[in-house]
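Chemist: Input file: target-v3.cif. Contents: mmCIF, C-alpha atoms.
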data_protein
#
loop_
_atom_site.group_PDB
_atom_site.id
_atom_site.type_symbol
_atom_site.label_atom_id
_atom_site.label_comp_id
_atom_site.auth_asym_id
_atom_site.auth_seq_id
_atom_site.Cartn_x
_atom_site.Cartn_y
_atom_site.Cartn_z
ATOM 1 C CA MET A 1 97.157 68.435 70.402
ATOM 2 C CA ASN A 2 96.362 69.258 74.008
ATOM 3 C CA THR A 3 93.517 71.793 73.981
ATOM 4 C CA ALA A 4 92.979 71.860 77.757
ATOM 5 C CA THR A 5 93.041 75.351 79.241
ATOM 6 C CA ASP A 6 95.355 75.886 82.180
ATOM 7 C CA THR A 7 93.437 77.905 84.758
ATOM 8 C CA THR A 8 96.041 77.632 87.519
ATOM 9 C CA HIS A 9 96.697 81.360 87.419
ATOM 10 C CA CYS A 10 93.005 82.134 87.842
ATOM 11 C CA ASP A 11 92.666 79.539 90.575
ATOM 12 C CA ASP A 12 95.585 81.034 92.525
ATOM 13 C CA LEU A 13 94.076 84.497 92.209
ATOM 14 C CA ALA A 14 90.624 83.376 93.331
ATOM 15 C CA LYS A 15 92.070 81.606 96.371
ATOM 16 C CA ALA A 16 94.164 84.609 97.398
ATOM 17 C CA LEU A 17 91.230 86.964 96.834
ATOM 18 C CA GLU A 18 89.158 85.216 99.498
ATOM 19 C CA ALA A 19 91.747 86.003 102.170
ATOM 20 C CA PHE A 20 92.326 89.457 100.701
ATOM 21 C CA ARG A 21 88.728 90.467 101.478
ATOM 22 C CA ASP A 22 89.687 90.673 105.151
ATOM 23 C CA HIS A 23 91.839 93.711 104.336
ATOM 24 C CA ALA A 24 88.854 95.835 103.256
ATOM 25 C CA PRO A 25 88.573 97.745 106.585
ATOM 26 C CA LEU A 26 92.285 98.627 106.457
ATOM 27 C CA ILE A 27 92.005 99.925 102.889
ATOM 28 C CA GLU A 28 88.914 101.937 103.832
ATOM 29 C CA ARG A 29 90.823 103.497 106.720
ATOM 30 C CA TRP A 30 93.780 104.325 104.483
ATOM 31 C CA GLY A 31 91.563 106.006 101.904
ATOM 32 C CA THR A 32 89.783 108.137 104.498
ATOM 33 C CA GLU A 33 93.038 109.112 106.194
ATOM 34 C CA LEU A 34 94.676 109.926 102.882
ATOM 35 C CA ALA A 35 91.774 112.213 101.965
ATOM 36 C CA ARG A 36 92.179 114.031 105.283
ATOM 37 C CA ARG A 37 95.893 114.505 104.801
ATOM 38 C CA LEU A 38 95.932 115.463 101.141
ATOM 39 C CA GLY A 39 92.916 117.693 101.681
ATOM 40 C CA SER A 40 94.931 119.555 104.302
ATOM 41 C CA GLY A 41 97.876 120.150 101.999
ATOM 42 C CA ALA A 42 99.945 117.013 102.620
ATOM 43 C CA ARG A 43 101.356 114.890 99.823
ATOM 44 C CA LEU A 44 101.501 111.217 98.882
ATOM 45 C CA LEU A 45 104.824 109.801 97.728
ATOM 46 C CA ALA A 46 104.740 106.306 96.211
ATOM 47 C CA ALA A 47 107.478 103.957 95.072
ATOM 48 C CA GLY A 48 108.144 100.424 93.932
ATOM 49 C CA ASN A 49 110.427 98.413 91.654
ATOM 50 C CA GLY A 50 109.453 96.827 88.347
ATOM 51 C CA GLY A 51 105.788 95.870 88.258
ATOM 52 C CA SER A 52 105.312 97.474 91.664
ATOM 53 C CA ALA A 53 106.576 100.754 90.192
ATOM 54 C CA ALA A 54 103.777 100.548 87.636
ATOM 55 C CA GLN A 55 101.258 99.994 90.449
ATOM 56 C CA ALA A 56 102.615 102.987 92.384
ATOM 57 C CA GLN A 57 102.317 105.206 89.317
ATOM 58 C CA HIS A 58 98.807 103.888 88.685
ATOM 59 C CA LEU A 59 97.779 105.136 92.128
ATOM 60 C CA THR A 60 99.337 108.581 91.777
ATOM 61 C CA ALA A 61 97.723 108.987 88.350
ATOM 62 C CA GLU A 62 94.288 108.277 89.844
ATOM 63 C CA LEU A 63 94.800 110.919 92.555
ATOM 64 C CA VAL A 64 96.257 113.660 90.365
ATOM 65 C CA GLY A 65 93.771 112.880 87.622
ATOM 66 C CA ARG A 66 90.608 111.134 88.733
ATOM 67 C CA TYR A 67 89.356 107.659 89.547
ATOM 68 C CA ARG A 68 85.708 107.629 88.442
ATOM 69 C CA GLU A 69 83.853 110.871 89.042
ATOM 70 C CA ASP A 70 85.310 114.323 88.496
ATOM 71 C CA ARG A 71 86.899 115.915 91.551
ATOM 72 C CA PRO A 72 89.797 118.253 92.359
ATOM 73 C CA PRO A 73 93.361 117.004 91.828
ATOM 74 C CA PHE A 74 95.489 116.023 94.810
ATOM 75 C CA SER A 75 99.259 115.986 95.252
ATOM 76 C CA ALA A 76 100.778 112.546 94.617
ATOM 77 C CA LEU A 77 104.218 111.692 93.210
ATOM 78 C CA ALA A 78 105.586 108.379 91.934
ATOM 79 C CA LEU A 79 109.265 108.573 92.852
ATOM 80 C CA HIS A 80 110.511 106.302 90.072
ATOM 81 C CA ALA A 81 108.830 108.325 87.304
ATOM 82 C CA ASP A 82 111.521 111.035 87.085
ATOM 83 C CA THR A 83 114.066 109.123 85.030
ATOM 84 C CA SER A 84 116.698 111.880 85.135
ATOM 85 C CA SER A 85 116.621 111.990 88.931
ATOM 86 C CA THR A 86 116.547 108.222 89.369
ATOM 87 C CA THR A 87 119.460 107.590 87.009
ATOM 88 C CA ALA A 88 121.512 110.417 88.509
ATOM 89 C CA ILE A 89 120.926 109.185 92.059
ATOM 90 C CA ALA A 90 121.652 105.561 91.141
ATOM 91 C CA ASN A 91 124.839 106.624 89.369
ATOM 92 C CA ASP A 92 126.124 108.972 92.080
ATOM 93 C CA TYR A 93 124.846 107.396 95.299
ATOM 94 C CA GLY A 94 123.911 103.806 94.441
ATOM 95 C CA VAL A 95 120.587 102.074 93.842
ATOM 96 C CA GLN A 96 119.880 101.791 97.574
ATOM 97 C CA GLU A 97 119.524 105.600 97.759
ATOM 98 C CA LEU A 98 117.180 105.744 94.751
ATOM 99 C CA PHE A 99 114.005 106.478 96.722
ATOM 100 C CA ALA A 100 115.476 107.631 100.034
ATOM 101 C CA ARG A 101 117.082 110.701 98.499
ATOM 102 C CA GLN A 102 113.884 111.663 96.686
ATOM 103 C CA THR A 103 111.924 111.131 99.889
ATOM 104 C CA ALA A 104 114.285 113.541 101.635
ATOM 105 C CA ALA A 105 113.798 116.053 98.811
ATOM 106 C CA HIS A 106 110.012 115.937 98.534
ATOM 107 C CA GLY A 107 108.759 114.597 101.866
ATOM 108 C CA ARG A 108 107.488 116.721 104.737
ATOM 109 C CA PRO A 109 106.164 115.927 108.198
ATOM 110 C CA GLY A 110 102.648 114.533 107.863
ATOM 111 C CA ASP A 111 103.087 113.320 104.287
ATOM 112 C CA VAL A 112 102.443 109.661 103.453
ATOM 113 C CA LEU A 113 104.981 107.359 101.794
ATOM 114 C CA LEU A 114 103.358 104.289 100.217
ATOM 115 C CA LEU A 115 105.807 101.528 99.287
ATOM 116 C CA LEU A 116 104.897 98.515 97.140
ATOM 117 C CA SER A 117 106.934 95.325 97.079
ATOM 118 C CA THR A 118 106.017 91.703 96.391
ATOM 119 C CA SER A 119 108.959 90.473 98.475
ATOM 120 C CA GLY A 120 108.906 93.170 101.132
ATOM 121 C CA ALA A 121 112.697 93.028 101.126
ATOM 122 C CA SER A 122 113.850 95.620 98.553
ATOM 123 C CA ALA A 123 116.788 97.534 100.044
ATOM 124 C CA ASN A 124 115.926 100.825 98.322
ATOM 125 C CA LEU A 125 112.389 100.749 99.747
ATOM 126 C CA LEU A 126 113.627 99.946 103.240
ATOM 127 C CA SER A 127 116.017 102.909 103.032
ATOM 128 C CA ALA A 128 113.163 105.154 101.918
ATOM 129 C CA ALA A 129 111.005 104.021 104.837
ATOM 130 C CA GLU A 130 113.779 104.781 107.298
ATOM 131 C CA ARG A 131 114.337 108.247 105.773
ATOM 132 C CA ALA A 132 110.609 108.988 105.812
ATOM 133 C CA HIS A 133 110.359 108.204 109.519
ATOM 134 C CA ARG A 134 113.228 110.576 110.208
ATOM 135 C CA LEU A 135 111.247 113.310 108.449
ATOM 136 C CA GLY A 136 108.070 112.662 110.434
ATOM 137 C CA MET A 137 106.215 111.026 107.552
ATOM 138 C CA THR A 138 103.823 108.088 107.803
ATOM 139 C CA VAL A 139 104.856 104.916 105.950
ATOM 140 C CA TRP A 140 102.355 102.437 104.524
ATOM 141 C CA ALA A 141 103.365 99.251 102.723
ATOM 142 C CA LEU A 142 101.726 96.892 100.237
ATOM 143 C CA THR A 143 103.698 93.649 100.294
ATOM 144 C CA GLY A 144 103.532 89.922 99.731
ATOM 145 C CA ARG A 145 103.411 87.369 102.496
ATOM 146 C CA SER A 146 104.180 88.361 106.059
ATOM 147 C CA PRO A 147 106.374 88.664 107.969
ATOM 148 C CA ASN A 148 108.782 90.670 105.861
ATOM 149 C CA PRO A 149 111.243 93.527 106.519
ATOM 150 C CA LEU A 150 109.153 96.234 104.831
ATOM 151 C CA GLN A 151 106.065 95.278 106.820
ATOM 152 C CA LEU A 152 108.081 95.571 110.024
ATOM 153 C CA GLY A 153 109.550 98.904 108.953
ATOM 154 C CA ALA A 154 106.208 100.506 108.076
ATOM 155 C CA ASP A 155 103.617 102.161 110.301
ATOM 156 C CA ASP A 156 100.920 100.039 108.669
ATOM 157 C CA ALA A 157 101.022 97.257 106.079
ATOM 158 C CA LEU A 158 98.738 95.198 103.877
ATOM 159 C CA CYS A 159 100.364 91.835 103.221
ATOM 160 C CA VAL A 160 98.913 89.676 100.448
ATOM 161 C CA ASP A 161 98.996 85.975 101.294
ATOM 162 C CA ALA A 162 99.957 84.494 97.920
ATOM 163 C CA PRO A 163 103.004 82.441 96.872
ATOM 164 C CA VAL A 164 103.382 83.942 93.385
ATOM 165 C CA ALA A 165 104.556 87.506 92.718
ATOM 166 C CA ALA A 166 102.094 87.936 89.830
ATOM 167 C CA THR A 167 99.155 87.196 92.123
ATOM 168 C CA VAL A 168 100.464 89.608 94.734
ATOM 169 C CA GLN A 169 100.728 92.378 92.125
ATOM 170 C CA GLU A 170 97.228 91.699 90.843
ATOM 171 C CA LEU A 171 95.795 92.064 94.325
ATOM 172 C CA HIS A 172 97.883 95.168 94.904
ATOM 173 C CA LEU A 173 96.011 96.668 91.948
ATOM 174 C CA VAL A 174 92.719 95.700 93.586
ATOM 175 C CA ALA A 175 93.940 97.430 96.745
ATOM 176 C CA VAL A 176 94.849 100.541 94.730
ATOM 177 C CA HIS A 177 91.361 100.737 93.234
ATOM 178 C CA MET A 178 89.665 100.133 96.582
ATOM 179 C CA LEU A 179 91.873 102.815 98.127
ATOM 180 C CA CYS A 180 90.771 105.256 95.417
ATOM 181 C CA GLU A 181 87.116 104.406 96.040
ATOM 182 C CA SER A 182 87.513 105.049 99.761
ATOM 183 C CA PHE A 183 89.428 108.259 99.061
ATOM 184 C CA ASP A 184 86.734 109.548 96.710
ATOM 185 C CA ARG A 185 83.953 108.723 99.171
ATOM 186 C CA ALA A 186 85.712 110.759 101.847
ATOM 187 C CA VAL A 187 86.205 113.659 99.443
ATOM 188 C CA GLU A 188 82.619 113.544 98.184
ATOM 189 C CA SER A 189 81.192 113.499 101.698
ATOM 190 C CA GLY A 190 82.787 116.885 102.374
ATOM 191 C CA ALA A 191 83.259 115.718 105.957
ATOM 192 C CA VAL A 192 86.959 116.499 105.987
ATOM 193 C CA ALA A 193 87.377 119.585 108.131
ATOM 194 C CA ASP A 194 90.354 121.923 108.074
ATOM 195 C CA ALA A 195 93.101 119.955 109.728
ATOM 196 C CA GLY A 196 96.791 119.708 110.296
ATOM 197 C CA ALA A 197 98.844 117.215 108.367
ATOM 198 C CA ASP A 198 98.006 114.602 110.985
ATOM 199 C CA GLY A 199 94.374 114.692 109.874
ATOM 200 C CA THR A 200 92.947 116.093 113.133
ATOM 201 C CA PRO A 201 89.716 117.940 112.214
ATOM 202 C CA ALA A 202 89.074 121.534 113.203
ATOM 203 C CA ALA A 203 86.961 122.157 116.284
ATOM 204 C CA ASP A 204 84.490 124.420 114.473
ATOM 205 C CA GLY A 205 83.432 121.599 112.141
ATOM 206 C CA LYS A 206 83.369 123.933 109.111
ATOM 207 C CA PRO A 207 84.002 122.466 105.653
ATOM 208 C CA GLY A 208 87.700 122.008 105.176
ATOM 209 C CA VAL A 209 89.989 122.213 102.199
ATOM 210 C CA VAL A 210 88.516 119.106 100.605
ATOM 211 C CA GLY A 211 84.943 120.293 101.049
ATOM 212 C CA ARG A 212 85.720 123.696 99.576
ATOM 213 C CA LEU A 213 87.573 122.191 96.618
ATOM 214 C CA VAL A 214 84.687 119.852 95.862
ATOM 215 C CA GLY A 215 82.232 122.722 96.031
ATOM 216 C CA ARG A 216 84.395 124.776 93.688
ATOM 217 C CA ALA A 217 84.744 121.868 91.234
ATOM 218 C CA ARG A 218 80.980 121.473 91.094
ATOM 219 C CA THR A 219 80.507 125.099 90.034
ATOM 220 C CA VAL A 220 83.347 125.459 87.531
ATOM 221 C CA GLY A 221 81.944 126.158 84.074
ATOM 222 C CA ARG A 222 78.349 126.476 85.294
ATOM 223 C CA THR A 223 76.275 129.506 84.416
ATOM 224 C CA PRO A 224 75.204 131.523 87.471
ATOM 225 C CA PRO A 225 71.447 131.942 87.999
ATOM 226 C CA GLY A 226 70.139 134.689 85.666
ATOM 227 C CA GLY A 227 73.472 134.929 83.854
ATOM 228 C CA PRO A 228 74.068 134.712 80.112
ATOM 229 C CA VAL A 229 74.200 131.282 78.526
ATOM 230 C CA ALA A 230 77.548 130.583 76.891
ATOM 231 C CA PRO A 231 77.392 129.553 73.209
ATOM 232 C CA ARG A 232 77.945 125.911 72.432
ATOM 233 C CA LYS A 233 81.111 124.799 70.724
ATOM 234 C CA GLY A 234 80.896 125.604 67.033
ATOM 235 C CA GLN A 235 78.325 128.368 67.506
ATOM 236 C CA ALA A 236 79.176 132.052 67.032
#
Show me, as C-alpha cells, the structure contained in the file I just sent.
Modeler:
Amino acid sequence: MNTATDTTHCDDLAKALEAFRDHAPLIERWGTELARRLGSGARLLAAGNGGSAAQAQHLTAELVGRYREDRPPFSALALHADTSSTTAIANDYGVQELFARQTAAHGRPGDVLLLLSTSGASANLLSAAERAHRLGMTVWALTGRSPNPLQLGADDALCVDAPVAATVQELHLVAVHMLCESFDRAVESGAVADAGADGTPAADGKPGVVGRLVGRARTVGRTPPGGPVAPRKGQA
C-alpha cells in the first residue's frame, strides 16, 4: 500500500501565496475605501458563481455581522443569496441577467460592486459590471490569472496568479479576510469623516458616520456614571 502523502495542493497554494503577498497594499486600500463609502451610507453588492458565490456571501456576512471585534453593522448584499429573485430572473430573462438586474435594483451611484470569478470570464458577472458602471457604481474584481475580461471591465482588480481554480478560491478567501481587517482598522480609527458616496472627507474634520456609530456601539448596554447597576441575568 502506498502511504505517501500527496502535498501537491499545499505546494501549489504556498507558491501562489508568495506572489499574492504583493497584493497587500491593494487590499488595504480597498478596505479603507470601503469603510469610507459604507460609513457614508453607500452599500456593497457582491456576486459570484459556485464557490465564488460562497466567498462573496462570506464577505457580506462579515460586514453585516462582524469580523473579529464588535462594531456596527454595515450594508452589504450577496446577490445570489435571494433564491426567489435569482430563479425568477434566470427563468424570465436568462442566466446572463442574473446579477445585472439585481444590480440595477439595488445599486446606487457611489456603491461598490465586488465580483469574484476564478476564470474572470463569467457572462453574468460581466453584464453586472457593465450595468454597475451605467449606474455610477465602482466595480472591483477578484479573479484568477490576468489578463481576463472581468479584470478589464472592472475599475480595479486583484488577479491571483495560480493555474488551479481551487487555489484561486483559497486565496480569494485570504483576500476577503485581509479586506475585513483593513475595513475594521479604518472603522476603529474613527478617522472617516462625513463624506459623500465617493469617500471625500468633510472639510471640518469632525467624526463622520463611522466614528459616531463606533462611539455609539461602545456605549450600548453600559451603565452611565452614577446610574443604577442593572441586575445580572438570573437575578431578581
Chemist: Could you please determine the separation between CA of Leu173 (chain A) and CA of Leu13 (chain A) in Å, to one decimal place?
Modeler: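 The value is 12.3 Å.
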Chemist: What does the distance from CA of Ala104 (chain A) to CA of Pro72 (chain A) come to in Å, to one decimal?
Modeler: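 Computing the Euclidean distance for CA of Ala104 (chain A) and CA of Pro72 (chain A) yields 26.6 Å.
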Chemist: Name the closest residue to Val64 (chain A) among the candidates A:Ala100, A:Ala121, A:Leu44, A:Leu79; distances are taken between atoms, counting all atoms listed in the file.
Modeler: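 Nearest candidate to Val64 (chain A) out of A:Ala100, A:Ala121, A:Leu44, A:Leu79: A:Leu44.
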Chemist: Expanded to explicit residues, what is the PyMOL selection byres ((chain A and resi 143-154) around 12) for this file, as a ChimeraX atom specification?
Modeler: /A:16,19-20,48-49,52,55,112-133,137-142,155-173,175
Chemist: Could you write out as a PDB file with C-alpha atoms, in the coordinates of the input the residues that the PyMOL selection byres ((chain A and resi 82-86) around 12) matches in the shown file?
Modeler:
ATOM      1  CA  ALA A  47     107.478 103.957  95.072  1.00  0.00           C
ATOM      2  CA  ASN A  49     110.427  98.413  91.654  1.00  0.00           C
ATOM      3  CA  ALA A  53     106.576 100.754  90.192  1.00  0.00           C
ATOM      4  CA  GLN A  57     102.317 105.206  89.317  1.00  0.00           C
ATOM      5  CA  LEU A  77     104.218 111.692  93.210  1.00  0.00           C
ATOM      6  CA  ALA A  78     105.586 108.379  91.934  1.00  0.00           C
ATOM      7  CA  LEU A  79     109.265 108.573  92.852  1.00  0.00           C
ATOM      8  CA  HIS A  80     110.511 106.302  90.072  1.00  0.00           C
ATOM      9  CA  ALA A  81     108.830 108.325  87.304  1.00  0.00           C
ATOM     10  CA  THR A  87     119.460 107.590  87.009  1.00  0.00           C
ATOM     11  CA  ALA A  88     121.512 110.417  88.509  1.00  0.00           C
ATOM     12  CA  ILE A  89     120.926 109.185  92.059  1.00  0.00           C
ATOM     13  CA  ALA A  90     121.652 105.561  91.141  1.00  0.00           C
ATOM     14  CA  ASN A  91     124.839 106.624  89.369  1.00  0.00           C
ATOM     15  CA  ASP A  92     126.124 108.972  92.080  1.00  0.00           C
ATOM     16  CA  TYR A  93     124.846 107.396  95.299  1.00  0.00           C
ATOM     17  CA  GLY A  94     123.911 103.806  94.441  1.00  0.00           C
ATOM     18  CA  VAL A  95     120.587 102.074  93.842  1.00  0.00           C
ATOM     19  CA  GLN A  96     119.880 101.791  97.574  1.00  0.00           C
ATOM     20  CA  GLU A  97     119.524 105.600  97.759  1.00  0.00           C
ATOM     21  CA  LEU A  98     117.180 105.744  94.751  1.00  0.00           C
ATOM     22  CA  PHE A  99     114.005 106.478  96.722  1.00  0.00           C
ATOM     23  CA  ALA A 100     115.476 107.631 100.034  1.00  0.00           C
ATOM     24  CA  ARG A 101     117.082 110.701  98.499  1.00  0.00           C
ATOM     25  CA  GLN A 102     113.884 111.663  96.686  1.00  0.00           C
ATOM     26  CA  THR A 103     111.924 111.131  99.889  1.00  0.00           C
ATOM     27  CA  ALA A 105     113.798 116.053  98.811  1.00  0.00           C
ATOM     28  CA  ASN A 124     115.926 100.825  98.322  1.00  0.00           C
TER      29      ASN A 124
END
